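Engineer: For reference, this is run-v4.csv, and it has CSV, C-alpha atoms and all ligand atoms.
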chain,number,residue,atom,x,y,z
P,1141,MET,CA,2.6,0.6,-19.1
P,1142,GLU,CA,4.4,2.4,-21.9
P,1143,GLY,CA,2.4,5.3,-23.4
P,1144,LYS,CA,-0.4,4.9,-20.8
P,1145,ASN,CA,-1.5,7.7,-18.4
P,1146,MET,CA,0.2,6.5,-15.1
P,1147,GLU,CA,-2.3,8.5,-13.0
P,1148,ASP,CA,-4.7,5.7,-14.1
P,1149,LEU,CA,-2.8,3.4,-11.6
P,1150,ASN,CA,-5.0,5.0,-9.0
P,1151,MET,CA,-7.9,3.2,-10.7
P,1152,CYS,CA,-6.3,-0.3,-10.4
P,1153,PHE,CA,-9.0,-2.7,-9.2
P,1154,ALA,CA,-6.7,-4.3,-6.7
P,1155,CYS,CA,-4.7,-1.4,-5.3
P,1156,GLY,CA,-6.1,1.9,-6.7
P,1157,LYS,CA,-7.0,4.3,-4.0
P,1158,ASP,CA,-9.5,6.1,-6.3
P,1159,ASN,CA,-11.3,2.9,-7.5
P,1160,PRO,CA,-14.7,3.0,-5.7
P,1161,ILE,CA,-15.3,-0.7,-6.1
P,1162,GLY,CA,-11.7,-2.0,-5.8
P,1163,PHE,CA,-9.9,-3.9,-3.0
P,1164,LYS,CA,-7.7,-0.8,-2.2
P,1165,LEU,CA,-4.9,-3.2,-1.1
P,1166,VAL,CA,-1.8,-1.6,0.5
P,1167,PHE,CA,1.3,-3.8,0.3
P,1168,ARG,CA,4.5,-3.3,2.3
P,1169,GLU,CA,7.8,-5.0,2.0
P,1170,VAL,CA,8.4,-7.7,4.7
P,1171,GLY,CA,11.7,-9.1,3.5
P,1172,GLU,CA,13.9,-9.2,0.5
P,1173,ASN,CA,11.8,-9.6,-2.6
P,1174,LYS,CA,8.7,-10.2,-0.4
P,1175,VAL,CA,5.5,-8.1,0.2
P,1176,MET,CA,2.4,-8.5,2.4
P,1177,ALA,CA,-1.0,-6.8,2.6
P,1178,ILE,CA,-4.0,-7.3,5.0
P,1179,PHE,CA,-7.5,-7.7,3.6
P,1180,THR,CA,-10.9,-8.8,5.0
P,1181,PRO,CA,-13.3,-10.1,2.3
P,1182,GLU,CA,-16.9,-8.8,2.6
P,1183,GLU,CA,-20.3,-10.3,1.7
P,1184,PHE,CA,-20.1,-8.8,-1.8
P,1185,HIS,CA,-16.9,-10.7,-2.5
P,1186,GLN,CA,-18.5,-14.1,-2.1
P,1187,GLY,CA,-19.3,-16.8,-4.6
P,1188,TYR,CA,-20.8,-19.7,-2.7
P,1189,PRO,CA,-22.4,-18.5,0.6
P,1190,GLU,CA,-19.9,-17.3,3.2
P,1191,VAL,CA,-16.9,-18.1,0.9
P,1192,MET,CA,-14.8,-15.7,-1.1
P,1193,HIS,CA,-15.1,-16.0,-4.9
P,1194,GLY,CA,-12.1,-17.9,-6.4
P,1195,GLY,CA,-11.6,-15.4,-9.2
P,1196,LEU,CA,-11.3,-12.6,-6.6
P,1197,ILE,CA,-8.8,-14.7,-4.6
P,1198,THR,CA,-6.8,-15.0,-7.8
P,1199,THR,CA,-6.8,-11.2,-8.1
P,1200,LEU,CA,-5.4,-10.9,-4.6
P,1201,LEU,CA,-2.6,-13.4,-5.5
P,1202,ASP,CA,-1.8,-11.8,-8.9
P,1203,GLU,CA,-1.6,-8.3,-7.3
P,1204,ALA,CA,0.8,-9.5,-4.5
P,1205,MET,CA,3.2,-10.8,-7.2
P,1206,ALA,CA,2.8,-7.6,-9.3
P,1207,LYS,CA,3.7,-5.5,-6.2
P,1208,VAL,CA,6.9,-7.3,-5.6
P,1209,ILE,CA,7.8,-6.5,-9.2
P,1210,ASN,CA,6.8,-2.8,-8.7
P,1211,PHE,CA,8.8,-2.4,-5.5
P,1212,ARG,CA,11.9,-3.5,-7.5
P,1213,GLY,CA,11.1,-0.8,-10.1
P,1214,ILE,CA,10.5,-3.4,-12.8
P,1215,GLN,CA,7.7,-3.1,-15.4
P,1216,ALA,CA,6.3,-6.6,-16.1
P,1217,VAL,CA,3.0,-8.3,-16.7
P,1218,THR,CA,1.5,-11.7,-15.7
P,1219,ALA,CA,2.1,-14.2,-18.5
P,1220,THR,CA,1.2,-17.5,-16.8
P,1221,LEU,CA,-0.6,-18.0,-13.5
P,1222,GLU,CA,-1.6,-21.2,-11.6
P,1223,VAL,CA,-3.6,-21.2,-8.4
P,1224,LYS,CA,-4.2,-23.9,-5.9
P,1225,PHE,CA,-7.3,-23.3,-3.7
P,1226,ARG,CA,-6.4,-25.3,-0.6
P,1227,ASN,CA,-9.2,-24.3,1.7
P,1228,PRO,CA,-12.3,-22.1,1.4
P,1229,VAL,CA,-11.6,-18.4,2.2
P,1230,PRO,CA,-14.2,-17.3,4.7
P,1231,ILE,CA,-16.0,-13.9,4.5
P,1232,GLY,CA,-15.4,-11.5,7.3
P,1233,ARG,CA,-12.1,-12.9,8.5
P,1234,GLU,CA,-8.8,-11.1,8.2
P,1235,LEU,CA,-6.3,-12.4,5.6
P,1236,LYS,CA,-2.6,-11.9,5.0
P,1237,ILE,CA,-1.6,-11.9,1.3
P,1238,PHE,CA,2.0,-12.5,0.5
P,1239,GLY,CA,3.9,-12.2,-2.7
P,1240,GLU,CA,7.5,-13.2,-3.4
P,1241,LEU,CA,10.0,-13.1,-6.3
P,1242,VAL,CA,11.6,-16.5,-6.5
P,1243,GLU,CA,13.9,-16.2,-9.6
P,1244,GLU,CA,14.8,-13.7,-12.2
P,1245,LYS,CA,16.1,-14.9,-15.6
P,1246,LYS,CA,16.4,-12.3,-18.4
P,1247,ARG,CA,12.8,-11.2,-19.1
P,1248,ARG,CA,11.2,-13.9,-16.9
P,1249,CYS,CA,10.4,-13.4,-13.3
P,1250,GLY,CA,9.3,-16.6,-11.4
P,1251,MET,CA,6.9,-15.6,-8.7
P,1252,LYS,CA,4.8,-17.1,-5.9
P,1253,ALA,CA,2.0,-15.8,-3.7
P,1254,TRP,CA,-0.2,-17.1,-0.9
P,1255,VAL,CA,-3.1,-16.2,1.3
P,1256,GLU,CA,-3.0,-17.0,5.0
P,1257,ASP,CA,-5.8,-16.9,7.6
P,1258,GLU,CA,-5.3,-15.4,11.1
P,1259,GLU,CA,-3.8,-18.7,12.4
P,1260,GLY,CA,-1.2,-18.8,9.5
P,1261,ASN,CA,-3.0,-21.6,7.6
P,1262,ILE,CA,-2.5,-21.3,3.8
P,1263,LEU,CA,-5.9,-21.0,2.1
P,1264,ALA,CA,-4.7,-20.5,-1.5
P,1265,GLU,CA,-1.4,-20.3,-3.3
P,1266,ALA,CA,-0.2,-19.3,-6.7
P,1267,SER,CA,2.9,-19.5,-8.9
P,1268,ALA,CA,3.3,-17.3,-11.9
P,1269,VAL,CA,5.7,-16.1,-14.6
P,1270,PHE,CA,5.8,-12.4,-15.1
P,1271,ILE,CA,7.5,-11.1,-18.3
P,1272,LYS,CA,9.4,-7.8,-18.3
P,1273,LEU,CA,8.3,-5.3,-20.8
P,1301,LIG,C1,6.6,1.6,-12.7
P,1301,LIG,C2,5.2,2.0,-12.2
P,1301,LIG,C3,4.9,1.5,-10.8
P,1301,LIG,C4,3.5,1.6,-10.4
P,1301,LIG,C5,3.1,0.9,-9.1
P,1301,LIG,C6,1.7,0.7,-9.1
P,1301,LIG,C7,1.2,-0.4,-10.1
P,1301,LIG,C8,-0.3,-0.5,-9.9
P,1301,LIG,C9,-0.7,-1.4,-11.0
P,1301,LIG,C10,-0.5,-2.9,-10.7
P,1301,LIG,C11,-1.3,-3.6,-11.7
P,1301,LIG,C12,-0.9,-5.1,-11.6
P,1301,LIG,C13,-1.9,-5.9,-12.3
P,1301,LIG,C14,-1.5,-7.4,-12.0
P,1301,LIG,C15,-0.7,-7.9,-13.1
P,1301,LIG,C16,-1.5,-8.2,-14.4
P,1301,LIG,O1,-2.6,-8.5,-14.3
P,1301,LIG,S1,-0.8,-7.7,-15.8
P,1301,LIG,C17,-2.2,-7.9,-17.0
P,1301,LIG,C18,-2.4,-9.3,-17.5
P,1301,LIG,N1,-1.3,-9.7,-18.4
P,1301,LIG,C19,-1.2,-9.2,-19.7
P,1301,LIG,O2,-2.0,-8.4,-20.1
P,1301,LIG,C20,-0.1,-9.7,-20.5
P,1301,LIG,C21,-0.5,-9.9,-21.9
P,1301,LIG,N2,0.6,-10.6,-22.7
P,1301,LIG,C22,1.6,-9.9,-23.2
P,1301,LIG,O3,1.6,-8.6,-23.2
P,1301,LIG,C23,2.7,-10.6,-24.0
P,1301,LIG,O4,2.2,-11.9,-24.3
P,1301,LIG,C24,4.0,-10.8,-23.1
P,1301,LIG,C25,3.7,-11.5,-21.8
P,1301,LIG,C26,4.5,-9.4,-22.8
P,1301,LIG,C27,5.0,-11.5,-23.9
P,1301,LIG,O5,5.0,-11.0,-25.2
P,1301,LIG,P1,6.4,-10.7,-25.9
P,1301,LIG,O6,7.1,-9.5,-25.2
P,1301,LIG,O7,6.1,-10.6,-27.4
P,1301,LIG,O8,7.2,-11.9,-25.5
P,1301,LIG,P2,8.0,-13.0,-26.4
P,1301,LIG,O9,9.1,-12.2,-27.2
P,1301,LIG,O10,7.1,-13.9,-27.2
P,1301,LIG,O11,8.7,-13.8,-25.3
P,1301,LIG,C28,9.7,-13.2,-24.4
P,1301,LIG,C29,10.1,-14.2,-23.4
P,1301,LIG,O12,9.0,-14.4,-22.5
P,1301,LIG,C30,8.6,-15.8,-22.5
P,1301,LIG,N3,7.1,-15.9,-22.5
P,1301,LIG,C31,6.2,-15.3,-23.2
P,1301,LIG,N4,5.0,-15.6,-22.8
P,1301,LIG,C32,5.1,-16.4,-21.8
P,1301,LIG,C33,4.1,-17.1,-21.0
P,1301,LIG,N5,2.8,-16.9,-21.1
P,1301,LIG,N6,4.6,-17.9,-20.0
P,1301,LIG,C34,5.9,-18.1,-19.8
P,1301,LIG,N7,6.9,-17.5,-20.6
P,1301,LIG,C35,6.4,-16.6,-21.6
P,1301,LIG,C36,9.1,-16.4,-23.8
P,1301,LIG,O13,9.4,-17.8,-23.7
P,1301,LIG,C37,10.4,-15.6,-24.0
P,1301,LIG,O14,11.4,-16.1,-23.2
P,1301,LIG,P3,13.0,-16.1,-23.7
P,1301,LIG,O15,13.0,-16.8,-25.0
P,1301,LIG,O16,13.4,-14.7,-23.8
P,1301,LIG,O17,13.7,-16.8,-22.6
Please express the file's structure as structure tokens.
Structural biologist:
Amino acid sequence: MEGKNMEDLNMCFACGKDNPIGFKLVFREVGENKVMAIFTPEEFHQGYPEVMHGGLITTLLDEAMAKVINFRGIQAVTATLEVKFRNPVPIGRELKIFGELVEEKKRRCGMKAWVEDEEGNILAEASAVFIKL
């Protein structure tokens, strides 16, 4: 963000490599305007027993969309975010987290993201509007 120390990006809760309690997500491009990361939730990520906390799932989805934006060299922030929790996200099972840019209109970026299990079932999905700064 403008005027902020960009080294602090390494402390991002979702992707910062120096954040000791963060997710340390590493996204890569998997198509035009599409990114993916792999993540396995642990016991300390749970809400109800054996199930990942919904707020933390939302963080995975939000970050996936932010990363598509970053890969395009755009600076933008989440303005509106809607999540559908389709199925419980189990602890200890590998997840794939996808983010995609759907449409770009002036300052608005329409985004979507989703979390898949190892079989490709969609466990949670999000749509969001990011606004360019
Ligand atoms: C380069 C470095 C790379 C580094 C690579 C590593 C990065 C590693 C860190 C990653 C980190 C990621 C983190 C995750 C992403 C967050 O979590 S971002 C943090 C959460 N979000 C925020 O803090 C945003 C807070 N809100 C705001 O700052 C302001 O409300 C906004 C969104 C900038 C808008 O304010 P504004 O600029 O005054 O906007 P305004 O003039 O009112 O409206 C502009 C346009 O946006 C539309 N709009 C405004 N608000 C909304 C809304 N809520 N919904 C829909 N449309 C809206 C308006 O309708 C208007 O549209 P047009 O009329 O132009 O068509």
Engineer: Leaving out stretch 1188-1191 of chain P and any residue of its chain fewer than 6 positions from it, which residues lie within 9 Å of it when counting all atoms listed in the file, given as a list in words?
Structural biologist: Pro1181, Pro1228, Val1229, Pro1230, Ile1231 and Gly1232 of chain P
Engineer: Restricting the calculation to only C-alpha atoms and all ligand atoms: of P:Ala1264, P:Ala1219, P:Leu1165, P:Val1170, which residue gets closest to ligand LIG 1301 (chain P)?
Structural biologist: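 Nearest to ligand LIG 1301 (chain P): P:Ala1219.
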Engineer: Nearest residue to ligand LIG 1301 (chain P) out of P:Arg1168, P:Arg1212, P:Lys1224, P:Lys1252, using only C-alpha atoms and all ligand atoms?
Structural biologist: P:Arg1212
Engineer: I need every residue sitting at most 10 Å from the point (2.7, -11.1, -5.4) (coordinates as in the file, only C-alpha atoms considered), written as number ranges by chain.
Structural biologist: P: 1167, 1173-1177, 1199-1210, 1237-1241, 1251-1254, 1266-1268
Engineer: Suppose we keep C-alpha atoms; can you now write the selection as a short mmCIF file (atom, residue, chain, number, x, y, z; two decimals), keeping the file's coordinate frame?
Structural biologist:
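Once everything was written out, this is result00.cif:
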data_model
loop_
_atom_site.label_atom_id
_atom_site.label_comp_id
_atom_site.auth_asym_id
_atom_site.auth_seq_id
_atom_site.Cartn_x
_atom_site.Cartn_y
_atom_site.Cartn_z
CA PHE P 1167 1.30 -3.80 0.30
CA ASN P 1173 11.80 -9.60 -2.60
CA LYS P 1174 8.70 -10.20 -0.40
CA VAL P 1175 5.50 -8.10 0.20
CA MET P 1176 2.40 -8.50 2.40
CA ALA P 1177 -1.00 -6.80 2.60
CA THR P 1199 -6.80 -11.20 -8.10
CA LEU P 1200 -5.40 -10.90 -4.60
CA LEU P 1201 -2.60 -13.40 -5.50
CA ASP P 1202 -1.80 -11.80 -8.90
CA GLU P 1203 -1.60 -8.30 -7.30
CA ALA P 1204 0.80 -9.50 -4.50
CA MET P 1205 3.20 -10.80 -7.20
CA ALA P 1206 2.80 -7.60 -9.30
CA LYS P 1207 3.70 -5.50 -6.20
CA VAL P 1208 6.90 -7.30 -5.60
CA ILE P 1209 7.80 -6.50 -9.20
CA ASN P 1210 6.80 -2.80 -8.70
CA ILE P 1237 -1.60 -11.90 1.30
CA PHE P 1238 2.00 -12.50 0.50
CA GLY P 1239 3.90 -12.20 -2.70
CA GLU P 1240 7.50 -13.20 -3.40
CA LEU P 1241 10.00 -13.10 -6.30
CA MET P 1251 6.90 -15.60 -8.70
CA LYS P 1252 4.80 -17.10 -5.90
CA ALA P 1253 2.00 -15.80 -3.70
CA TRP P 1254 -0.20 -17.10 -0.90
CA ALA P 1266 -0.20 -19.30 -6.70
CA SER P 1267 2.90 -19.50 -8.90
CA ALA P 1268 3.30 -17.30 -11.90
#
Engineer: Record the distance separating atom C27 of ligand LIG 1301 (chain P) and atom CA of P:Gly1194, expressed in Å with one decimal.
Structural biologist: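 Between atom C27 of ligand LIG 1301 (chain P) and atom CA of P:Gly1194 the gap works out to 25.3 Å.
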Engineer: Give the residues close to ligand LIG 1301 (chain P), within 8 Å, counting only C-alpha atoms and all ligand atoms; write them as a ChimeraX atom specification.
Structural biologist: /P:1141,1146,1149-1150,1152,1154-1156,1199,1202-1203,1205-1207,1210-1211,1213-1220,1245-1248,1269-1273
Engineer: Please dump the current selection as a PDB file, in the coordinates of the input; keep C-alpha atoms.
Structural biologist:
ATOM      1  CA  MET P1141       2.600   0.600 -19.100  1.00  0.00           C
ATOM      2  CA  MET P1146       0.200   6.500 -15.100  1.00  0.00           C
ATOM      3  CA  LEU P1149      -2.800   3.400 -11.600  1.00  0.00           C
ATOM      4  CA  ASN P1150      -5.000   5.000  -9.000  1.00  0.00           C
ATOM      5  CA  CYS P1152      -6.300  -0.300 -10.400  1.00  0.00           C
ATOM      6  CA  ALA P1154      -6.700  -4.300  -6.700  1.00  0.00           C
ATOM      7  CA  CYS P1155      -4.700  -1.400  -5.300  1.00  0.00           C
ATOM      8  CA  GLY P1156      -6.100   1.900  -6.700  1.00  0.00           C
ATOM      9  CA  THR P1199      -6.800 -11.200  -8.100  1.00  0.00           C
ATOM     10  CA  ASP P1202      -1.800 -11.800  -8.900  1.00  0.00           C
ATOM     11  CA  GLU P1203      -1.600  -8.300  -7.300  1.00  0.00           C
ATOM     12  CA  MET P1205       3.200 -10.800  -7.200  1.00  0.00           C
ATOM     13  CA  ALA P1206       2.800  -7.600  -9.300  1.00  0.00           C
ATOM     14  CA  LYS P1207       3.700  -5.500  -6.200  1.00  0.00           C
ATOM     15  CA  ASN P1210       6.800  -2.800  -8.700  1.00  0.00           C
ATOM     16  CA  PHE P1211       8.800  -2.400  -5.500  1.00  0.00           C
ATOM     17  CA  GLY P1213      11.100  -0.800 -10.100  1.00  0.00           C
ATOM     18  CA  ILE P1214      10.500  -3.400 -12.800  1.00  0.00           C
ATOM     19  CA  GLN P1215       7.700  -3.100 -15.400  1.00  0.00           C
ATOM     20  CA  ALA P1216       6.300  -6.600 -16.100  1.00  0.00           C
ATOM     21  CA  VAL P1217       3.000  -8.300 -16.700  1.00  0.00           C
ATOM     22  CA  THR P1218       1.500 -11.700 -15.700  1.00  0.00           C
ATOM     23  CA  ALA P1219       2.100 -14.200 -18.500  1.00  0.00           C
ATOM     24  CA  THR P1220       1.200 -17.500 -16.800  1.00  0.00           C
ATOM     25  CA  LYS P1245      16.100 -14.900 -15.600  1.00  0.00           C
ATOM     26  CA  LYS P1246      16.400 -12.300 -18.400  1.00  0.00           C
ATOM     27  CA  ARG P1247      12.800 -11.200 -19.100  1.00  0.00           C
ATOM     28  CA  ARG P1248      11.200 -13.900 -16.900  1.00  0.00           C
ATOM     29  CA  VAL P1269       5.700 -16.100 -14.600  1.00  0.00           C
ATOM     30  CA  PHE P1270       5.800 -12.400 -15.100  1.00  0.00           C
ATOM     31  CA  ILE P1271       7.500 -11.100 -18.300  1.00  0.00           C
ATOM     32  CA  LYS P1272       9.400  -7.800 -18.300  1.00  0.00           C
ATOM     33  CA  LEU P1273       8.300  -5.300 -20.800  1.00  0.00           C
TER      34      LEU P1273
END
Engineer: Need the shell around P:Glu1256: protein/DNA/RNA residues with any atom at most 7 Å away, counting all atoms listed in the file. Skip same-chain ones fewer than 6 positions apart. Format as a list in words?
Structural biologist: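 Final neighbour list, sorted by chain and number: Leu1235, Lys1236, Ile1237, Ile1262 and Leu1263 of chain P.
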Engineer: Would you output that residue set with C-alpha atoms, as a PDB file, in the coordinates of the input?
Structural biologist:
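Written out: result_20.pdb:
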ATOM      1  CA  LEU P1235      -6.300 -12.400   5.600  1.00  0.00           C
ATOM      2  CA  LYS P1236      -2.600 -11.900   5.000  1.00  0.00           C
ATOM      3  CA  ILE P1237      -1.600 -11.900   1.300  1.00  0.00           C
ATOM      4  CA  ILE P1262      -2.500 -21.300   3.800  1.00  0.00           C
ATOM      5  CA  LEU P1263      -5.900 -21.000   2.100  1.00  0.00           C
TER       6      LEU P1263
END
Engineer: Between atom CA of P:Glu1182 and atom CA of P:Glu1234, what is the distance, to one decimal in Å?
Structural biologist: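 Computing the Euclidean distance for atom CA of P:Glu1182 and atom CA of P:Glu1234 yields 10.1 Å.
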Engineer: Have a look at atom CA of P:Gln1186 and atom CA of P:Glu1169 and let me know their distance in Å, one decimal.
Structural biologist: 28.1 Å
Engineer: Give the answer as one residue: which of P:Asp1148, P:Pro1160, P:Thr1180, P:Ile1197 has the shortest atom-to-atom distance to P:Asn1227, using all atoms listed in the file?
Structural biologist: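 Looking at the shortest contact to P:Asn1227, the residue is P:Ile1197.
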